[in-house]
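Have a look at the structure below, then the notes.
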Amino acid sequence: MIKNFYRLRTSPGRRISLILSLILFLVCIKLYYNTSVERHAENSQDKLVPTGEQLWNGFKKTIFEVKIREEYDSNGEVIKNELPKSFREAHERDKQAFADGKFGNKREMWKNGAARNYLKHGESLLWQDTKASGKRILIAMVFIFFGIYVGLFMGAFPYAEKVLYRFVLFFDKIPALAVLPILFIIFGLGETAKIALIVIGVAPTVILDTYLKVKEVHDEQIVKGMTMGASQPEIVFRIIFPQIIPKVLDTVRLNFKAVILFLIAGEALAAEAGIGYRIFVVRRYMDMATIFPYVVWISMLAFIVDMAFRSWISRQYKWLNK
Amino acid sequence: MEKYIERKYVLELFNVYQQYDGRIILNDISLRIRKGEFVSIVGPTGCGKSTMLRMVLGSETPSQGIAAMEDHLIKRPDRRRGIVFQKYSLFDFMNVRDNVMFGLELEHFNMTDNYLRKIVPFLYRKKELKFREEADHFLEKVGLLEHAENYPHQLSGGQRQRVAIAQAMIIKPQILLMDEPLGALDVGTREAMQIFIQELWGQTEQTILFITHDLEEAIFMGTRLIVLSQYYKDGGNGSKIVEDIKIPWPQPRPTTIKHTKEFNDIMEGIRHAGLDPTHLHDINEFNIQHEDALCSVRKFEE
């Protein structure tokens, strides 16, 4: 077995591959467990390395514990509602009401009952934060995708290149995090600054990558298109664009990590909800049992989005599977 | 069939010069090609064969002189001149059929149509079916109908070039330019493709300008052979047409012809006259025999 590690041009079997790829994960878990046990033996109140049970409770709290959204009246006073504290409680209330004959049938109970109302107005903390962060990412992505067109024009049309290339190159070199305070000063503490941070951080890379991909298109292809009667816009949109788009989407996919990085940086500074915001808020109380689920959740989300995007690209652009 | 001499000139070059950064590449090239000719152009590496092709194509303009088709000057690549490159002729993101019918789609569907047909496909179905039929007809001609749904990367080098030929011919260009189309193929495939192109030319009478660095291929394929070379006395100033001859044998030719004495004599003669840097000829010794030859004849008369 050890000998195999020194062997070139060998291919481990499926089961061996699985075991090998699990090794480092298991080592990390074991190290964490040992450290946690040691620290808790010394100090049972230790917060830095929570035990498995504490972690599990943290997961449960962040994922399943529901926080009711507070609603305000015109005077800014909190509207008191009598919403149940958990889904189970809501369901119990419905069942009781059904037994009392308040609902004609089960369907009506589901439609007008407390359980549905609870689902409408109550959300877990994690879901609230995910929604807030997701919204920011989605808006930023629209601008990033617009960057693909900027790169396309820059690469295809020399005049556009002369106007834009150096400017984008310069912009690309500005560390986005360094302009974060400026963004907050200009745009205030609202959503705009956080979205602008993501766009400024990622869009220049996407624009420049698209530009380079356009430049890589063989001149023969463009000439060929012209001999087939393609007009200038047709060459750009029917010959160049379809060739480069899967590769550019791959770049966007790889930059998703940077998107999340800038999102967390923006949220850490000023927000009311969001994954980055929550991590930095609970950091003050050294609440590792909440930070861990959030880190795992955002990593998982990034992983799933990446995988889904990758498989969509390979399904959509079958000609790439050379 | 009309007589050769009665056919119109499809392509004409008059006293064409091309230079890059003060270095002359082509020196006073004049040439006339009639409809239905199969002209091979051969020459040593760096003699400017591809430069000449790019001028004919329109992707380059000559520093001096005129490049013209029947009734207009060549300014940019257009549908009148089809092209088959050695590589990158096909669009990797389309399957074989789409590659072949792309020229027809470009002709009949503008950008708006192209978007609309994704939204309301039934409006365009009739036309699309017609293009499909035509593409399949051409694919059948090149023997690749069963690969219509495949992508270019799933084909062999020879098959890809056959698709590229179908793709170029479907738009019915006045002249088909071929820039070393068989250069990247192995010997066996190359020979099969030589026969295939000859047969196709026989069926369609498509005017072809075939550029190659392989002398044997040039003689075997063309009805007319033009040798472009920088190897002549005082020839530091770019390439000239040093040889312009008619190839005597009728087409399609059997490959065995390559082993005949006559074939080898022609090959030896050309190699000696234009492709051998150790034997530099005087301008007066250029072998310009073809009746349509222009430039070098003029020099000869001087």
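Residues are named by chain letter and number: chains run A, B, ... in the order of the structure tokens, numbers start at 1 in each chain, and ligands are numbered from 1 in the order shown.
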Cut-off 9 Å: closest chain B/chain A atom pairs per residue, using only C-alpha atoms, as a Markdown table:
```
| residue | atom | partner | partner_atom | distance |
| --- | --- | --- | --- | --- |
| B:Leu57 | CA | A:Thr227 | CA | 8.3 |
| B:Ser59 | CA | A:Val223 | CA | 7.2 |
| B:Arg76 | CA | A:Met226 | CA | 8.3 |
| B:Pro77 | CA | A:Thr227 | CA | 5.3 |
| B:Asp78 | CA | A:Thr227 | CA | 4.3 |
| B:Arg79 | CA | A:Thr227 | CA | 4.6 |
| B:Arg80 | CA | A:Thr227 | CA | 7.3 |
| B:Arg81 | CA | A:Thr227 | CA | 6.2 |
| B:Gly82 | CA | A:Thr227 | CA | 5.7 |
| B:Ile83 | CA | A:Lys224 | CA | 6.7 |
| B:Val84 | CA | A:Lys224 | CA | 8.2 |
| B:Phe85 | CA | A:Glu220 | CA | 7.3 |
| B:Lys87 | CA | A:Glu220 | CA | 8.1 |
| B:Tyr88 | CA | A:Glu220 | CA | 6.2 |
| B:Ser89 | CA | A:Gln221 | CA | 6.3 |
| B:Leu90 | CA | A:Gln221 | CA | 7.6 |
| B:Phe91 | CA | A:Gln221 | CA | 7.3 |
| B:Asp92 | CA | A:Trp319 | CA | 6.6 |
| B:Phe93 | CA | A:Trp319 | CA | 5.6 |
| B:Met94 | CA | A:Trp319 | CA | 7.5 |
| B:Asn95 | CA | A:Trp319 | CA | 8.1 |
| B:Phe102 | CA | A:Met228 | CA | 7.8 |
| B:Gly103 | CA | A:Met228 | CA | 4.9 |
| B:Leu104 | CA | A:Met228 | CA | 8.2 |
| B:Leu106 | CA | A:Ala230 | CA | 5.9 |
| B:Glu107 | CA | A:Gly229 | CA | 6.4 |
| B:Asn110 | CA | A:Glu234 | CA | 8.1 |
| B:Met111 | CA | A:Glu234 | CA | 6.7 |
| B:Tyr151 | CA | A:Trp319 | CA | 6.3 |
| B:Pro152 | CA | A:Trp319 | CA | 8.4 |
| B:His153 | CA | A:Lys322 | CA | 6.5 |
| B:Gln154 | CA | A:Lys322 | CA | 7.9 |
| B:Gln167 | CA | A:Met228 | CA | 8.8 |
| B:Ala168 | CA | A:Met228 | CA | 7.6 |
| B:Ile171 | CA | A:Met228 | CA | 7.1 |
| B:Pro173 | CA | A:Thr227 | CA | 8.8 |
```
| query | Any idea what's packed within 6 Å of B:Asp282, counting only C-alpha atoms, ignoring anything in its chain fewer than 2 positions away? Could you give it as a VMD selection string? | reply | chain B and resid 233 284 to 285
How would the residues just chosen look if you wrote them out with N, CA and C atoms as an mmCIF file, in the first residue's frame?
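Final file, result_6.cif:
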```cif
data_model
loop_
_atom_site.group_PDB
_atom_site.id
_atom_site.type_symbol
_atom_site.label_atom_id
_atom_site.label_comp_id
_atom_site.auth_asym_id
_atom_site.auth_seq_id
_atom_site.Cartn_x
_atom_site.Cartn_y
_atom_site.Cartn_z
ATOM 1 N N LYS B 233 17.562 34.305 -59.219
ATOM 2 C CA LYS B 233 18.685 35.251 -59.151
ATOM 3 C C LYS B 233 18.163 36.639 -58.806
ATOM 4 N N ASN B 284 14.491 35.271 -66.885
ATOM 5 C CA ASN B 284 14.202 34.837 -68.259
ATOM 6 C C ASN B 284 13.992 33.338 -68.373
ATOM 7 N N GLU B 285 14.454 32.619 -67.376
ATOM 8 C CA GLU B 285 14.366 31.156 -67.452
ATOM 9 C C GLU B 285 13.104 30.599 -66.794
#
```
| said: Could you go through stretch 28-210 of chain B and tell me which residues DSSP, when run on the backbone, assigns to strand (DSSP E), listing them as number ranges by chain? | reply: B: 28-34, 38-42, 64-69, 72-73, 81-84, 175-179, 208-210
| query | Contacts of stretch 238-244 of chain B at 9 Å or less, counting only C-alpha atoms, minus same-chain residues fewer than 2 places along, as a PyMOL selection string? | reply | chain B and resi 17-19+23-31+47-48+224-232+235-236+246+270+273-274+283+285-290+293+295-296
Expected file: the selected residues, N, CA and C atoms, as an mmCIF file, in the first residue's frame:
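Output (part37.cif):
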```cif
data_model
loop_
_atom_site.group_PDB
_atom_site.id
_atom_site.type_symbol
_atom_site.label_atom_id
_atom_site.label_comp_id
_atom_site.auth_asym_id
_atom_site.auth_seq_id
_atom_site.Cartn_x
_atom_site.Cartn_y
_atom_site.Cartn_z
ATOM 1 N N TYR B 17 1.768 43.373 -55.046
ATOM 2 C CA TYR B 17 2.915 43.341 -54.144
ATOM 3 C C TYR B 17 2.391 43.246 -52.727
ATOM 4 N N GLN B 18 3.133 42.561 -51.881
ATOM 5 C CA GLN B 18 2.771 42.598 -50.466
ATOM 6 C C GLN B 18 4.044 42.738 -49.649
ATOM 7 N N GLN B 19 4.049 43.667 -48.738
ATOM 8 C CA GLN B 19 5.226 43.798 -47.868
ATOM 9 C C GLN B 19 4.818 44.022 -46.428
ATOM 10 N N ARG B 23 9.739 44.613 -45.693
ATOM 11 C CA ARG B 23 10.241 43.385 -46.319
ATOM 12 C C ARG B 23 9.203 42.899 -47.331
ATOM 13 N N ILE B 24 9.660 42.780 -48.586
ATOM 14 C CA ILE B 24 8.708 42.368 -49.632
ATOM 15 C C ILE B 24 8.498 40.861 -49.562
ATOM 16 N N ILE B 25 7.248 40.454 -49.540
ATOM 17 C CA ILE B 25 6.921 39.019 -49.486
ATOM 18 C C ILE B 25 6.522 38.555 -50.884
ATOM 19 N N LEU B 26 5.612 39.292 -51.521
ATOM 20 C CA LEU B 26 5.182 38.953 -52.878
ATOM 21 C C LEU B 26 5.610 40.074 -53.815
ATOM 22 N N ASN B 27 6.206 39.683 -54.933
ATOM 23 C CA ASN B 27 6.776 40.667 -55.844
ATOM 24 C C ASN B 27 6.111 40.550 -57.208
ATOM 25 N N ASP B 28 5.227 41.468 -57.504
ATOM 26 C CA ASP B 28 4.603 41.564 -58.819
ATOM 27 C C ASP B 28 3.943 40.252 -59.256
ATOM 28 N N ILE B 29 2.906 39.905 -58.541
ATOM 29 C CA ILE B 29 2.178 38.673 -58.881
ATOM 30 C C ILE B 29 0.965 39.035 -59.723
ATOM 31 N N SER B 30 0.869 38.432 -60.883
ATOM 32 C CA SER B 30 -0.343 38.589 -61.692
ATOM 33 C C SER B 30 -0.854 37.207 -62.071
ATOM 34 N N LEU B 31 -2.155 37.075 -62.071
ATOM 35 C CA LEU B 31 -2.713 35.739 -62.202
ATOM 36 C C LEU B 31 -4.164 35.833 -62.648
ATOM 37 N N CYS B 47 7.387 31.317 -48.726
ATOM 38 C CA CYS B 47 7.382 31.997 -50.022
ATOM 39 C C CYS B 47 6.166 32.912 -50.180
ATOM 40 N N GLY B 48 5.231 32.826 -49.251
ATOM 41 C CA GLY B 48 4.079 33.734 -49.315
ATOM 42 C C GLY B 48 2.826 33.117 -49.908
ATOM 43 N N ARG B 224 -3.933 22.823 -63.256
ATOM 44 C CA ARG B 224 -2.928 23.829 -63.558
ATOM 45 C C ARG B 224 -2.044 23.972 -62.316
ATOM 46 N N LEU B 225 -0.739 24.149 -62.535
ATOM 47 C CA LEU B 225 0.178 24.242 -61.400
ATOM 48 C C LEU B 225 0.933 25.564 -61.447
ATOM 49 N N ILE B 226 0.916 26.264 -60.320
ATOM 50 C CA ILE B 226 1.655 27.516 -60.232
ATOM 51 C C ILE B 226 2.695 27.353 -59.129
ATOM 52 N N VAL B 227 3.940 27.664 -59.440
ATOM 53 C CA VAL B 227 4.997 27.567 -58.431
ATOM 54 C C VAL B 227 5.396 28.976 -58.020
ATOM 55 N N LEU B 228 5.306 29.220 -56.739
ATOM 56 C CA LEU B 228 5.657 30.525 -56.185
ATOM 57 C C LEU B 228 6.971 30.327 -55.450
ATOM 58 N N SER B 229 7.975 31.155 -55.774
ATOM 59 C CA SER B 229 9.262 30.898 -55.119
ATOM 60 C C SER B 229 10.099 32.163 -54.999
ATOM 61 N N GLN B 230 10.910 32.183 -53.945
ATOM 62 C CA GLN B 230 11.861 33.278 -53.757
ATOM 63 C C GLN B 230 13.254 32.873 -54.225
ATOM 64 N N TYR B 231 13.360 31.619 -54.736
ATOM 65 C CA TYR B 231 14.667 31.130 -55.159
ATOM 66 C C TYR B 231 14.929 31.447 -56.637
ATOM 67 N N TYR B 232 15.314 32.651 -56.949
ATOM 68 C CA TYR B 232 15.746 33.020 -58.294
ATOM 69 C C TYR B 232 16.836 34.063 -58.150
ATOM 70 N N GLY B 235 16.850 37.450 -56.214
ATOM 71 C CA GLY B 235 15.497 37.209 -55.697
ATOM 72 C C GLY B 235 15.334 37.498 -54.225
ATOM 73 N N GLY B 236 16.128 38.425 -53.717
ATOM 74 C CA GLY B 236 15.960 38.768 -52.302
ATOM 75 C C GLY B 236 14.727 39.606 -52.062
ATOM 76 N N LYS B 246 0.243 23.740 -67.374
ATOM 77 C CA LYS B 246 -0.965 22.923 -67.411
ATOM 78 C C LYS B 246 -0.559 21.500 -67.040
ATOM 79 N N ILE B 270 10.318 20.754 -61.795
ATOM 80 C CA ILE B 270 9.809 21.856 -60.966
ATOM 81 C C ILE B 270 10.694 22.051 -59.748
ATOM 82 N N ALA B 273 13.635 23.828 -60.833
ATOM 83 C CA ALA B 273 13.402 25.197 -61.310
ATOM 84 C C ALA B 273 13.022 26.170 -60.208
ATOM 85 N N GLY B 274 12.267 25.690 -59.217
ATOM 86 C CA GLY B 274 11.744 26.676 -58.270
ATOM 87 C C GLY B 274 11.920 26.358 -56.808
ATOM 88 N N ILE B 283 15.410 35.410 -64.281
ATOM 89 C CA ILE B 283 13.978 35.682 -64.545
ATOM 90 C C ILE B 283 13.583 35.175 -65.937
ATOM 91 N N GLU B 285 14.454 32.619 -67.376
ATOM 92 C CA GLU B 285 14.366 31.156 -67.452
ATOM 93 C C GLU B 285 13.104 30.599 -66.794
ATOM 94 N N PHE B 286 12.240 31.490 -66.305
ATOM 95 C CA PHE B 286 11.009 31.008 -65.671
ATOM 96 C C PHE B 286 10.175 30.232 -66.687
ATOM 97 N N ASN B 287 9.541 29.180 -66.203
ATOM 98 C CA ASN B 287 8.791 28.295 -67.088
ATOM 99 C C ASN B 287 7.309 28.689 -67.093
ATOM 100 N N ILE B 288 6.987 29.730 -67.853
ATOM 101 C CA ILE B 288 5.615 30.227 -67.881
ATOM 102 C C ILE B 288 4.985 29.807 -69.200
ATOM 103 N N GLN B 289 4.200 28.744 -69.149
ATOM 104 C CA GLN B 289 3.639 28.218 -70.390
ATOM 105 C C GLN B 289 2.128 28.398 -70.478
ATOM 106 N N HIS B 290 1.480 28.580 -69.353
ATOM 107 C CA HIS B 290 0.027 28.590 -69.360
ATOM 108 C C HIS B 290 -0.519 29.792 -70.121
ATOM 109 N N ALA B 293 -1.389 32.966 -68.199
ATOM 110 C CA ALA B 293 -0.351 33.599 -67.375
ATOM 111 C C ALA B 293 -0.192 35.059 -67.782
ATOM 112 N N CYS B 295 1.730 38.011 -65.428
ATOM 113 C CA CYS B 295 2.829 38.779 -64.848
ATOM 114 C C CYS B 295 4.186 38.369 -65.376
ATOM 115 N N SER B 296 4.480 37.080 -65.246
ATOM 116 C CA SER B 296 5.820 36.654 -65.561
ATOM 117 C C SER B 296 6.073 36.693 -67.060
#
```
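Using only C-alpha atoms, the protein and nucleic acid residues lying no more than 8 Å from A:Ala289, apart from those fewer than 2 places from it along its own chain, are Pro50, Gln54, Leu55, Trp56, Asn57, Gly58, Phe59, Asp287, Ile291, Phe292 and Pro293 of chain A.
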With N, CA and C atoms retained, export the selected residues as a PDB file, in the first residue's frame.
```pdb
ATOM      1  N   PRO A  50     -16.418  23.651  21.241  1.00  0.00           N
ATOM      2  CA  PRO A  50     -17.589  22.986  21.798  1.00  0.00           C
ATOM      3  C   PRO A  50     -17.579  21.481  21.562  1.00  0.00           C
ATOM      4  N   GLN A  54     -22.790  19.997  22.234  1.00  0.00           N
ATOM      5  CA  GLN A  54     -22.995  21.450  22.143  1.00  0.00           C
ATOM      6  C   GLN A  54     -23.160  21.876  20.679  1.00  0.00           C
ATOM      7  N   LEU A  55     -22.322  21.241  19.846  1.00  0.00           N
ATOM      8  CA  LEU A  55     -22.411  21.564  18.409  1.00  0.00           C
ATOM      9  C   LEU A  55     -23.786  21.187  17.864  1.00  0.00           C
ATOM     10  N   TRP A  56     -24.234  20.011  18.225  1.00  0.00           N
ATOM     11  CA  TRP A  56     -25.520  19.528  17.728  1.00  0.00           C
ATOM     12  C   TRP A  56     -26.648  20.462  18.173  1.00  0.00           C
ATOM     13  N   ASN A  57     -26.558  20.889  19.447  1.00  0.00           N
ATOM     14  CA  ASN A  57     -27.566  21.824  19.948  1.00  0.00           C
ATOM     15  C   ASN A  57     -27.508  23.145  19.177  1.00  0.00           C
ATOM     16  N   GLY A  58     -26.284  23.561  18.866  1.00  0.00           N
ATOM     17  CA  GLY A  58     -26.091  24.791  18.069  1.00  0.00           C
ATOM     18  C   GLY A  58     -26.745  24.654  16.707  1.00  0.00           C
ATOM     19  N   PHE A  59     -26.515  23.494  16.076  1.00  0.00           N
ATOM     20  CA  PHE A  59     -27.128  23.227  14.759  1.00  0.00           C
ATOM     21  C   PHE A  59     -28.651  23.309  14.870  1.00  0.00           C
ATOM     22  N   ASP A 287     -19.575  32.480  20.515  1.00  0.00           N
ATOM     23  CA  ASP A 287     -20.579  31.426  20.394  1.00  0.00           C
ATOM     24  C   ASP A 287     -20.197  30.487  19.246  1.00  0.00           C
ATOM     25  N   ILE A 291     -21.361  29.674  15.282  1.00  0.00           N
ATOM     26  CA  ILE A 291     -20.464  29.969  14.149  1.00  0.00           C
ATOM     27  C   ILE A 291     -20.248  28.714  13.296  1.00  0.00           C
ATOM     28  N   PHE A 292     -20.025  27.585  13.967  1.00  0.00           N
ATOM     29  CA  PHE A 292     -19.750  26.356  13.218  1.00  0.00           C
ATOM     30  C   PHE A 292     -20.865  25.993  12.234  1.00  0.00           C
ATOM     31  N   PRO A 293     -22.117  25.938  12.684  1.00  0.00           N
ATOM     32  CA  PRO A 293     -23.176  25.611  11.714  1.00  0.00           C
ATOM     33  C   PRO A 293     -23.224  26.598  10.549  1.00  0.00           C
TER      34      PRO A 293
END
```
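Put simply, atom CA of A:Gly151 is 10.3 Å away from atom CA of A:Lys215.
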| task | Name the residues of stretch 75-285 of chain A that fall into alpha helix (DSSP H) according to DSSP on the backbone, using the chain letters and numbers of this document, as a VMD selection string. | result | chain A and resid 87 to 99 106 to 112 114 to 121 125 to 156 158 to 173 180 to 187 191 to 216 219 to 227 232 to 234 241 to 254 256 to 269 275 to 283
| said: For B:Glu205, find every residue with an atom within 10 Å (counting only C-alpha atoms), except residues of its own chain fewer than 6 positions away, and show them as a PyMOL selection string. | reply: chain B and resi 35-38+198-199
I need the residues from that last selection saved to file as a compact mmCIF listing (two decimals), in the first residue's frame (with N, CA and C atoms), if you can.
```
# COMPACT_ATOMS: atom_id res chain seq x y z
N LYS B 35 -13.19 30.00 -64.67
CA LYS B 35 -14.24 29.23 -64.00
C LYS B 35 -14.00 27.73 -64.23
N GLY B 36 -14.09 26.97 -63.18
CA GLY B 36 -13.98 25.51 -63.31
C GLY B 36 -12.56 24.98 -63.26
N GLU B 37 -11.57 25.87 -63.10
CA GLU B 37 -10.18 25.40 -63.02
C GLU B 37 -9.88 24.83 -61.64
N PHE B 38 -8.90 23.92 -61.59
CA PHE B 38 -8.40 23.42 -60.31
C PHE B 38 -6.92 23.80 -60.27
N GLN B 198 -10.67 15.37 -55.81
CA GLN B 198 -10.67 15.32 -57.28
C GLN B 198 -12.03 14.89 -57.81
N GLU B 199 -12.58 13.85 -57.18
CA GLU B 199 -13.88 13.35 -57.64
C GLU B 199 -14.96 14.41 -57.46
```
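The two atoms in question, atom CA of A:Ile279 and atom CA of A:Ile144, are spaced 25.7 Å apart.
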| message | Counting only C-alpha atoms, which residue out of B:Ala166, B:Val39, B:Leu145, B:Leu73 sits closest to B:Gly58? | response | B:Leu73
